[in-house]
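File shown here: start_9.cif, holding mmCIF, C-alpha atoms.
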```cif
data_run
#
loop_
_atom_site.group_PDB
_atom_site.id
_atom_site.type_symbol
_atom_site.label_atom_id
_atom_site.label_comp_id
_atom_site.auth_asym_id
_atom_site.auth_seq_id
_atom_site.Cartn_x
_atom_site.Cartn_y
_atom_site.Cartn_z
ATOM 1 C CA MET T 1 274.266 -10.537 180.211
ATOM 2 C CA THR T 2 273.105 -14.026 179.273
ATOM 3 C CA ILE T 3 269.777 -14.498 177.550
ATOM 4 C CA GLN T 4 267.322 -16.711 179.395
ATOM 5 C CA ILE T 5 263.836 -17.687 178.192
ATOM 6 C CA ARG T 6 261.293 -19.184 180.562
ATOM 7 C CA PRO T 7 257.603 -20.042 180.069
ATOM 8 C CA VAL T 8 255.232 -17.432 181.467
ATOM 9 C CA ASP T 9 252.829 -20.172 182.590
ATOM 10 C CA PRO T 10 254.909 -23.352 182.996
ATOM 11 C CA ASP T 11 252.072 -25.418 184.451
ATOM 12 C CA ARG T 12 249.367 -24.651 181.893
ATOM 13 C CA GLN T 13 251.375 -23.878 178.741
ATOM 14 C CA PRO T 14 255.051 -24.838 179.167
ATOM 15 C CA ASP T 15 255.842 -24.427 175.460
ATOM 16 C CA PHE T 16 253.804 -21.316 174.601
ATOM 17 C CA PHE T 17 254.633 -17.688 175.435
ATOM 18 C CA GLY T 18 258.124 -17.237 176.834
ATOM 19 C CA ASP T 19 259.633 -14.451 178.953
ATOM 20 C CA VAL T 20 263.053 -13.224 177.791
ATOM 21 C CA THR T 21 265.583 -11.759 180.232
ATOM 22 C CA GLY T 22 269.244 -10.809 180.004
ATOM 23 C CA VAL T 23 268.975 -8.650 176.891
ATOM 24 C CA ASP T 24 268.942 -4.936 176.067
ATOM 25 C CA LEU T 25 267.420 -4.344 172.636
ATOM 26 C CA ARG T 26 269.044 -0.921 172.393
ATOM 27 C CA GLU T 27 272.380 -2.697 171.972
ATOM 28 C CA THR T 28 273.715 -4.694 169.013
ATOM 29 C CA LEU T 29 273.219 -8.352 169.860
ATOM 30 C CA SER T 30 275.697 -11.099 169.043
ATOM 31 C CA ASP T 31 274.932 -13.817 166.520
ATOM 32 C CA SER T 32 274.625 -16.296 169.383
ATOM 33 C CA ASP T 33 272.051 -14.050 171.073
ATOM 34 C CA ILE T 34 270.011 -13.915 167.873
ATOM 35 C CA ALA T 35 270.261 -17.701 167.528
ATOM 36 C CA ALA T 36 269.016 -18.107 171.115
ATOM 37 C CA ILE T 37 266.021 -15.879 170.399
ATOM 38 C CA GLU T 38 265.205 -17.814 167.227
ATOM 39 C CA ALA T 39 265.401 -21.075 169.174
ATOM 40 C CA GLY T 40 263.045 -19.546 171.732
ATOM 41 C CA MET T 41 260.652 -18.594 168.955
ATOM 42 C CA ASP T 42 260.696 -22.161 167.609
ATOM 43 C CA ARG T 43 259.699 -23.451 171.048
ATOM 44 C CA PHE T 44 257.391 -20.766 172.440
ATOM 45 C CA ALA T 45 256.034 -18.993 169.291
ATOM 46 C CA VAL T 46 255.544 -15.796 171.361
ATOM 47 C CA LEU T 47 258.297 -14.038 173.323
ATOM 48 C CA ARG T 48 257.985 -11.126 175.736
ATOM 49 C CA PHE T 49 260.795 -8.616 176.310
ATOM 50 C CA ARG T 50 260.018 -6.364 179.287
ATOM 51 C CA ASP T 51 261.500 -2.902 179.923
ATOM 52 C CA GLN T 52 262.794 -2.196 176.408
ATOM 53 C CA PRO T 53 262.461 1.602 175.872
ATOM 54 C CA ILE T 54 263.504 1.495 172.214
ATOM 55 C CA ASN T 55 262.890 3.940 169.379
ATOM 56 C CA ASP T 56 261.991 3.094 165.776
ATOM 57 C CA ALA T 57 265.618 3.016 164.601
ATOM 58 C CA GLN T 58 266.553 0.551 167.363
ATOM 59 C CA GLN T 59 263.492 -1.585 166.684
ATOM 60 C CA LEU T 60 264.311 -1.679 162.975
ATOM 61 C CA ALA T 61 267.938 -2.622 163.636
ATOM 62 C CA PHE T 62 266.916 -5.493 165.928
ATOM 63 C CA SER T 63 264.198 -6.684 163.548
ATOM 64 C CA ARG T 64 266.514 -6.815 160.533
ATOM 65 C CA ARG T 65 268.612 -9.459 162.277
ATOM 66 C CA PHE T 66 265.827 -11.966 161.564
ATOM 67 C CA GLY T 67 265.376 -11.352 157.844
ATOM 68 C CA PRO T 68 263.960 -8.933 155.270
ATOM 69 C CA LEU T 69 261.357 -6.499 156.552
ATOM 70 C CA GLU T 70 257.951 -5.947 155.044
ATOM 71 C CA THR T 71 256.798 -2.474 154.143
ATOM 72 C CA ALA T 72 253.545 -1.328 155.701
ATOM 73 C CA THR T 73 251.362 -1.755 152.617
ATOM 74 C CA GLY T 74 248.646 -3.224 154.842
ATOM 75 C CA ASP T 75 248.127 0.122 156.605
ATOM 76 C CA ILE T 76 245.236 2.127 155.200
ATOM 77 C CA ILE T 77 247.153 5.405 155.595
ATOM 78 C CA GLN T 78 249.841 5.783 152.938
ATOM 79 C CA GLY T 79 252.058 8.555 151.554
ATOM 80 C CA ALA T 80 252.369 11.961 153.173
ATOM 81 C CA ASP T 81 249.681 11.246 155.756
ATOM 82 C CA ARG T 82 251.759 8.507 157.431
ATOM 83 C CA ARG T 83 253.310 9.270 160.829
ATOM 84 C CA LEU T 84 255.834 6.386 160.856
ATOM 85 C CA PRO T 85 258.483 5.049 158.437
ATOM 86 C CA MET T 86 257.213 2.694 155.728
ATOM 87 C CA GLU T 87 258.881 -0.276 157.443
ATOM 88 C CA VAL T 88 256.877 0.330 160.635
ATOM 89 C CA ASN T 89 253.182 -0.521 160.877
ATOM 90 C CA ASP T 90 251.224 2.103 162.775
ATOM 91 C CA ILE T 91 249.209 0.212 165.387
ATOM 92 C CA SER T 92 247.721 3.273 167.036
ATOM 93 C CA ASN T 93 244.655 5.450 167.338
ATOM 94 C CA VAL T 94 246.428 8.771 166.726
ATOM 95 C CA ASP T 95 247.031 10.827 163.588
ATOM 96 C CA LYS T 96 250.272 12.383 162.344
ATOM 97 C CA ASP T 97 249.629 15.375 164.625
ATOM 98 C CA GLU T 98 249.461 12.950 167.596
ATOM 99 C CA GLN T 99 245.757 13.612 168.139
ATOM 100 C CA VAL T 100 243.384 10.796 169.106
ATOM 101 C CA LEU T 101 241.293 9.787 166.098
ATOM 102 C CA ALA T 102 237.599 10.625 166.077
ATOM 103 C CA ARG T 103 235.315 7.665 166.689
ATOM 104 C CA ASP T 104 234.140 7.660 163.054
ATOM 105 C CA ASN T 105 237.612 8.265 161.559
ATOM 106 C CA ARG T 106 238.274 5.982 158.571
ATOM 107 C CA LYS T 107 241.669 4.800 159.882
ATOM 108 C CA ARG T 108 240.197 4.006 163.282
ATOM 109 C CA LEU T 109 237.285 2.046 161.804
ATOM 110 C CA PHE T 110 239.629 0.088 159.534
ATOM 111 C CA SER T 111 241.908 -0.645 162.502
ATOM 112 C CA LEU T 112 239.060 -2.261 164.425
ATOM 113 C CA GLY T 113 239.836 -5.290 162.265
ATOM 114 C CA ASN T 114 242.833 -5.853 164.561
ATOM 115 C CA MET T 115 240.320 -6.971 167.196
ATOM 116 C CA LEU T 116 239.450 -9.984 165.038
ATOM 117 C CA TRP T 117 241.592 -13.110 165.299
ATOM 118 C CA HIS T 118 244.212 -12.938 162.554
ATOM 119 C CA SER T 119 247.744 -13.715 161.410
ATOM 120 C CA ASP T 120 249.693 -10.679 160.209
ATOM 121 C CA SER T 121 249.977 -10.267 156.447
ATOM 122 C CA SER T 122 248.233 -13.510 155.525
ATOM 123 C CA PHE T 123 246.626 -11.243 152.901
ATOM 124 C CA LYS T 124 250.025 -10.878 151.178
ATOM 125 C CA ALA T 125 251.263 -13.419 148.633
ATOM 126 C CA THR T 126 254.315 -14.015 150.819
ATOM 127 C CA PRO T 127 252.945 -13.611 154.338
ATOM 128 C CA ALA T 128 254.705 -12.665 157.551
ATOM 129 C CA ARG T 129 257.166 -14.780 159.486
ATOM 130 C CA TYR T 130 257.732 -12.786 162.679
ATOM 131 C CA SER T 131 256.056 -9.657 164.041
ATOM 132 C CA LEU T 132 257.644 -7.402 166.670
ATOM 133 C CA LEU T 133 255.326 -5.004 168.506
ATOM 134 C CA SER T 134 256.669 -2.266 170.777
ATOM 135 C CA ALA T 135 254.428 -0.455 173.278
ATOM 136 C CA ARG T 136 255.138 3.286 173.287
ATOM 137 C CA ARG T 137 251.925 4.572 174.935
ATOM 138 C CA ILE T 138 249.079 2.522 176.376
ATOM 139 C CA PRO T 139 245.574 3.317 177.676
ATOM 140 C CA GLY T 140 244.672 3.285 181.339
ATOM 141 C CA HIS T 141 242.940 -0.051 180.940
ATOM 142 C CA GLY T 142 242.014 -2.512 178.219
ATOM 143 C CA GLY T 143 243.883 -2.962 174.954
ATOM 144 C CA ASN T 144 245.394 -6.336 175.846
ATOM 145 C CA THR T 145 246.630 -8.619 173.065
ATOM 146 C CA GLU T 146 245.605 -12.277 173.021
ATOM 147 C CA PHE T 147 247.486 -15.094 171.292
ATOM 148 C CA ALA T 148 246.246 -18.520 170.206
ATOM 149 C CA ASP T 149 248.580 -21.490 169.736
ATOM 150 C CA MET T 150 247.678 -22.955 166.345
ATOM 151 C CA ARG T 151 250.024 -25.915 166.850
ATOM 152 C CA ALA T 152 248.092 -27.048 169.909
ATOM 153 C CA ALA T 153 244.829 -26.401 168.062
ATOM 154 C CA TRP T 154 245.953 -28.740 165.268
ATOM 155 C CA ASP T 155 247.059 -31.399 167.751
ATOM 156 C CA ALA T 156 243.588 -31.359 169.359
ATOM 157 C CA LEU T 157 241.668 -31.959 166.110
ATOM 158 C CA ASP T 158 240.103 -35.344 165.494
ATOM 159 C CA GLN T 159 241.558 -37.376 162.640
ATOM 160 C CA ASP T 160 238.569 -36.902 160.321
ATOM 161 C CA THR T 161 238.907 -33.119 160.550
ATOM 162 C CA ARG T 162 242.662 -33.298 160.013
ATOM 163 C CA ASP T 163 242.127 -35.368 156.857
ATOM 164 C CA LEU T 164 239.483 -32.906 155.647
ATOM 165 C CA VAL T 165 241.435 -29.676 156.119
ATOM 166 C CA ARG T 166 245.019 -30.666 155.406
ATOM 167 C CA PRO T 167 244.890 -30.284 151.582
ATOM 168 C CA LEU T 168 242.713 -27.152 151.568
ATOM 169 C CA VAL T 169 243.735 -23.745 150.177
ATOM 170 C CA CYS T 170 242.026 -20.518 151.297
ATOM 171 C CA ASP T 171 241.817 -17.043 149.791
ATOM 172 C CA HIS T 172 242.834 -14.215 152.153
ATOM 173 C CA SER T 173 242.144 -10.475 151.860
ATOM 174 C CA GLN T 174 241.711 -7.462 154.123
ATOM 175 C CA ILE T 175 238.645 -6.659 152.048
ATOM 176 C CA PHE T 176 237.008 -9.715 153.591
ATOM 177 C CA SER T 177 238.155 -9.237 157.193
ATOM 178 C CA ARG T 178 236.978 -5.622 157.297
ATOM 179 C CA GLY T 179 233.759 -6.553 155.513
ATOM 180 C CA VAL T 180 232.924 -8.853 158.438
ATOM 181 C CA LEU T 181 232.663 -5.668 160.541
ATOM 182 C CA GLY T 182 230.662 -3.792 157.916
ATOM 183 C CA PHE T 183 233.628 -1.701 156.736
ATOM 184 C CA THR T 184 233.367 -1.479 152.932
ATOM 185 C CA ASP T 185 234.837 2.005 152.345
ATOM 186 C CA PHE T 186 237.649 0.953 150.006
ATOM 187 C CA THR T 187 239.104 2.882 147.092
ATOM 188 C CA ASP T 188 239.656 1.198 143.727
ATOM 189 C CA GLU T 189 243.416 1.264 144.419
ATOM 190 C CA GLU T 190 242.945 -0.475 147.775
ATOM 191 C CA ARG T 191 240.765 -3.162 146.222
ATOM 192 C CA VAL T 192 243.540 -3.902 143.732
ATOM 193 C CA ARG T 193 246.273 -3.772 146.398
ATOM 194 C CA TRP T 194 244.360 -6.147 148.664
ATOM 195 C CA ALA T 195 243.091 -8.571 146.047
ATOM 196 C CA ALA T 196 242.703 -12.080 147.486
ATOM 197 C CA VAL T 197 245.772 -14.338 147.686
ATOM 198 C CA PRO T 198 245.897 -18.124 148.258
ATOM 199 C CA GLN T 199 247.299 -19.672 151.431
ATOM 200 C CA ARG T 200 247.470 -23.220 152.760
ATOM 201 C CA LEU T 201 245.074 -23.991 155.588
ATOM 202 C CA VAL T 202 247.614 -26.307 157.241
ATOM 203 C CA ARG T 203 251.331 -25.532 157.489
ATOM 204 C CA ARG T 204 254.434 -27.387 158.631
ATOM 205 C CA HIS T 205 257.048 -25.501 160.647
ATOM 206 C CA PRO T 206 260.384 -25.661 158.783
ATOM 207 C CA VAL T 207 262.466 -26.268 161.934
ATOM 208 C CA THR T 208 260.294 -28.253 164.352
ATOM 209 C CA GLY T 209 258.263 -30.102 161.719
ATOM 210 C CA ARG T 210 255.056 -29.485 163.694
ATOM 211 C CA LEU T 211 251.812 -28.960 161.812
ATOM 212 C CA SER T 212 249.521 -26.050 162.618
ATOM 213 C CA LEU T 213 246.313 -24.491 161.383
ATOM 214 C CA TYR T 214 246.832 -21.302 159.375
ATOM 215 C CA LEU T 215 243.722 -19.246 160.009
ATOM 216 C CA ALA T 216 242.860 -15.545 159.992
ATOM 217 C CA SER T 217 239.841 -13.296 159.753
ATOM 218 C CA HIS T 218 241.272 -12.439 156.320
ATOM 219 C CA ALA T 219 240.324 -15.920 155.046
ATOM 220 C CA GLY T 220 237.026 -15.740 153.183
ATOM 221 C CA ALA T 221 236.961 -18.619 150.708
ATOM 222 C CA ILE T 222 238.234 -22.174 150.214
ATOM 223 C CA HIS T 223 239.228 -23.297 146.755
ATOM 224 C CA GLY T 224 236.651 -25.653 145.283
ATOM 225 C CA TRP T 225 234.061 -25.063 148.043
ATOM 226 C CA PRO T 226 230.835 -23.031 147.992
ATOM 227 C CA VAL T 227 231.446 -19.815 149.919
ATOM 228 C CA PRO T 228 228.818 -20.385 152.669
ATOM 229 C CA GLU T 229 230.186 -23.862 153.388
ATOM 230 C CA ALA T 230 233.761 -22.569 153.365
ATOM 231 C CA ARG T 231 232.990 -19.772 155.793
ATOM 232 C CA MET T 232 231.141 -22.148 158.105
ATOM 233 C CA LEU T 233 234.163 -24.449 158.267
ATOM 234 C CA LEU T 234 236.529 -21.513 158.838
ATOM 235 C CA ARG T 235 234.284 -20.227 161.624
ATOM 236 C CA ASP T 236 234.194 -23.673 163.259
ATOM 237 C CA LEU T 237 237.978 -24.010 163.062
ATOM 238 C CA THR T 238 238.504 -20.522 164.506
ATOM 239 C CA GLU T 239 236.160 -21.265 167.414
ATOM 240 C CA HIS T 240 238.094 -24.472 168.053
ATOM 241 C CA ALA T 241 241.507 -22.789 167.831
ATOM 242 C CA THR T 242 240.627 -19.918 170.175
ATOM 243 C CA GLN T 243 239.357 -21.945 173.126
ATOM 244 C CA ALA T 244 240.731 -20.710 176.450
ATOM 245 C CA ARG T 245 243.086 -23.682 176.741
ATOM 246 C CA PHE T 246 244.985 -22.514 173.630
ATOM 247 C CA VAL T 247 245.024 -18.768 174.431
ATOM 248 C CA VAL T 248 247.276 -16.423 176.432
ATOM 249 C CA ALA T 249 246.416 -12.767 177.135
ATOM 250 C CA HIS T 250 249.156 -10.149 177.440
ATOM 251 C CA GLU T 251 248.499 -7.028 179.510
ATOM 252 C CA TRP T 252 250.716 -4.293 178.091
ATOM 253 C CA ARG T 253 253.176 -2.105 179.946
ATOM 254 C CA VAL T 254 254.997 0.807 178.327
ATOM 255 C CA ALA T 255 258.314 -0.437 176.852
ATOM 256 C CA ASP T 256 257.138 -4.009 176.397
ATOM 257 C CA LEU T 257 258.126 -5.659 173.132
ATOM 258 C CA LEU T 258 256.335 -8.795 171.975
ATOM 259 C CA MET T 259 257.670 -10.988 169.189
ATOM 260 C CA TRP T 260 255.607 -13.771 167.658
ATOM 261 C CA ASP T 261 255.627 -16.314 164.847
ATOM 262 C CA ASN T 262 252.698 -15.683 162.509
ATOM 263 C CA ARG T 263 253.092 -19.129 160.959
ATOM 264 C CA VAL T 264 251.881 -20.873 164.122
ATOM 265 C CA THR T 265 249.789 -18.290 166.012
ATOM 266 C CA MET T 266 246.795 -16.022 165.704
ATOM 267 C CA HIS T 267 246.301 -12.904 167.772
ATOM 268 C CA ARG T 268 243.847 -10.092 168.383
ATOM 269 C CA ALA T 269 243.680 -6.783 170.258
ATOM 270 C CA ARG T 270 240.987 -6.198 172.874
ATOM 271 C CA ARG T 271 238.784 -3.178 173.429
ATOM 272 C CA TYR T 272 240.001 -0.042 175.221
ATOM 273 C CA PRO T 273 238.606 3.484 175.792
ATOM 274 C CA ALA T 274 238.228 5.270 172.453
ATOM 275 C CA ASP T 275 239.412 8.593 173.905
ATOM 276 C CA GLN T 276 242.700 7.241 175.314
ATOM 277 C CA VAL T 277 245.945 6.820 173.366
ATOM 278 C CA ARG T 278 247.130 3.350 172.407
ATOM 279 C CA ASP T 279 250.330 3.650 170.381
ATOM 280 C CA LEU T 280 252.264 0.530 169.376
ATOM 281 C CA HIS T 281 254.817 0.198 166.576
ATOM 282 C CA ARG T 282 255.119 -3.056 164.633
ATOM 283 C CA THR T 283 257.932 -4.304 162.451
ATOM 284 C CA THR T 284 257.299 -7.428 160.405
ATOM 285 C CA ILE T 285 259.683 -10.019 158.973
ATOM 286 C CA GLU T 286 258.762 -11.553 155.622
ATOM 287 C CA ASP T 287 258.474 -15.296 155.279
ATOM 288 C CA VAL T 288 260.721 -17.045 152.745
ATOM 289 C CA ALA T 289 258.041 -17.762 150.099
ATOM 290 C CA PRO T 290 254.286 -18.059 149.508
ATOM 291 C CA THR T 291 252.770 -20.854 151.556
ATOM 292 C CA LEU T 292 251.912 -22.849 148.422
ATOM 293 C CA ALA T 293 255.626 -22.907 147.554
ATOM 294 C CA GLN T 294 256.603 -24.272 150.966
ATOM 295 C CA GLY T 295 256.780 -27.959 151.796
ATOM 296 C CA MET T 296 254.019 -29.857 153.572
#
```
The structure in this file should be written as structure tokens.
Amino acid sequence: MTIQIRPVDPDRQPDFFGDVTGVDLRETLSDSDIAAIEAGMDRFAVLRFRDQPINDAQQLAFSRRFGPLETATGDIIQGADRRLPMEVNDISNVDKDEQVLARDNRKRLFSLGNMLWHSDSSFKATPARYSLLSARRIPGHGGNTEFADMRAAWDALDQDTRDLVRPLVCDHSQIFSRGVLGFTDFTDEERVRWAAVPQRLVRRHPVTGRLSLYLASHAGAIHGWPVPEARMLLRDLTEHATQARFVVAHEWRVADLLMWDNRVTMHRARRYPADQVRDLHRTTIEDVAPTLAQGM
């Protein structure tokens, strides 16, 4: 098979969200196949692989071809209560006994933060490069994932705003993003683990050279700014970046795998029935260094 990557919506967004064909992720891919996928990521930022009925071991093997994997320290469930390996983030509403979580379950309430616009692991000192999300079980309706192109959002800013935001550094933490929803039920250990980390507000892609906004619901402060003013600017930028013209919505099928570049996108999950199973498994590739250590 030969890998081909085509835009999902060539008229509206020819360089955002690509469809990948000619690949079976259960097999070991050649170096040239991996290079083709990376080139597709550089162009499209989000890739869709349909009909990939993989298990965790196969997903991990494919993911490792793109770099070191994160461990799932961002999940609120740790230790013996986890249902998945530590290198797989549990993006689901079920417990380790495969039962749907109660509406007021702590894990479920924490996971509602995934419905806010965010970039994976921006709350880690070295954030995420790629995320790979595999759909194992999906609800009867709802639960789509939306993606925003932060490169296009940067391109559409006026010059005064570009000059204002380009040098800024933000503090990111899951404590802040969950606090937006009123979730404050954190242990002392979690507050230490998710202490705020600094990230650039504007990033340059190391291959294409394109600039993009680096936003997330995890961002709650800007260095040197009063907090209310900082949050107002971050809200304005997020509203700008998530206009319909920059956004694509993916409607999940079982065995879909989505792969995206967290450096140049934001995403969010959408609502779905609380009593239906939504079970997706995410592997996450670390970036090369903290954003402050990367070139502008």
Q: Please return, as number ranges by chain, all polymer residues that have at least one atom within 9 Å of the point (259.2, -11.5, 158.4); use all atoms listed in the file and the file's own coordinate frame.
A: T: 63-64, 66-70, 127-131, 261-262, 283-288
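With CA of Asp51 in chain T on one side and CA of His281 in chain T on the other, the separation reads 15.2 Å.
Excluding Arg162 in chain T itself and any same-chain residue fewer than 5 positions from it, the protein and nucleic acid residues within 12 Å of it, counting all atoms listed in the file, are Ala153, Trp154, Asp155, Ala156, Leu157, Pro167, Leu168, Leu201, Val202, Arg203, Leu211, Ser212, Leu213 and Leu237 of chain T.
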(Q) List as a PyMOL selection string the protein and nucleic acid residues near range 104-114 of chain T, meaning an atom at most 10 Å away when all atoms listed in the file are counted, but skip any in the same chain fewer than 6 places from it. (A) chain T and resi 75-77+90-95+120+145+174+177-186+217-218+267-271+274
Q.
I need the residue nearest Trp117 in chain T from this list: T:Val207, T:Val46, T:Met86, T:Met150. Use all atoms listed in the file for the distance.
A. T:Met150
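Take CA of Ala221 in chain T and CA of Ala125 in chain T: the distance between them is 15.4 Å.
Proximity ranking of T:Thr265, T:Asp279, T:Arg48, T:Arg137 relative to Arg83 in chain T places T:Asp279 first, based on only C-alpha atoms.
Those residues positioned at most 9 Å from (248.3, -14.7, 179.2) are Val8, Asp9, Phe17, Thr145, Glu146, Phe147, Val247, Val248, Ala249, His250 and Glu251 of chain T, judged using all atoms listed in the file.
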Q. Near Ala135 in chain T, counting all atoms listed in the file, which residues have an atom at most 6 Å away, once you skip same-chain residues fewer than 3 positions from it, shown as a PyMOL selection string?
A. chain T and resi 254-256+280
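Across the model, the gap from CA of Ala72 in chain T to CA of Ala57 in chain T is 15.6 Å.
Of the residues under consideration (T:Ile3, T:Met266, T:Ala195, T:Leu257), T:Met266 shows the shortest atom-to-atom contact distance to Ala152 in chain T when counting all atoms listed in the file.
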Q) Any chance you could work out the residue set of the PyMOL selection byres ((chain T and resi 169) around 6) here, as a PyMOL selection string? A) chain T and resi 168+170+199-201+222-223
(Q) Running the PyMOL selection byres ((chain T and resi 37) around 12) on this model by hand, what would come out? Give it as a count of residues only. (A) 40
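Using only C-alpha atoms for every distance, the candidate list T:Arg253, T:Arg245, T:Arg263, T:Arg282 yields T:Arg253 as the residue closest to Ile138 in chain T.
Picked by the PyMOL selection byres ((chain T and resi 194) around 10) from the coordinates shown: Thr73, Gly74, Phe123, Lys124, His172, Ser173, Gln174, Ile175, Phe176, Phe186, Glu189, Glu190, Arg191, Val192, Arg193, Ala195, Ala196 and Val197 of chain T.
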Let me have the centre and edge lengths of the axis-aligned box enclosing all listed atoms of range 176-188 of chain T with 6 Å padding on every side, in Å to one decimal, as lines of an AutoDock Vina configuration file.
```
center_x = 235.2
center_y = -3.4
center_z = 152.1
size_x = 21.0
size_y = 24.6
size_z = 28.8
```
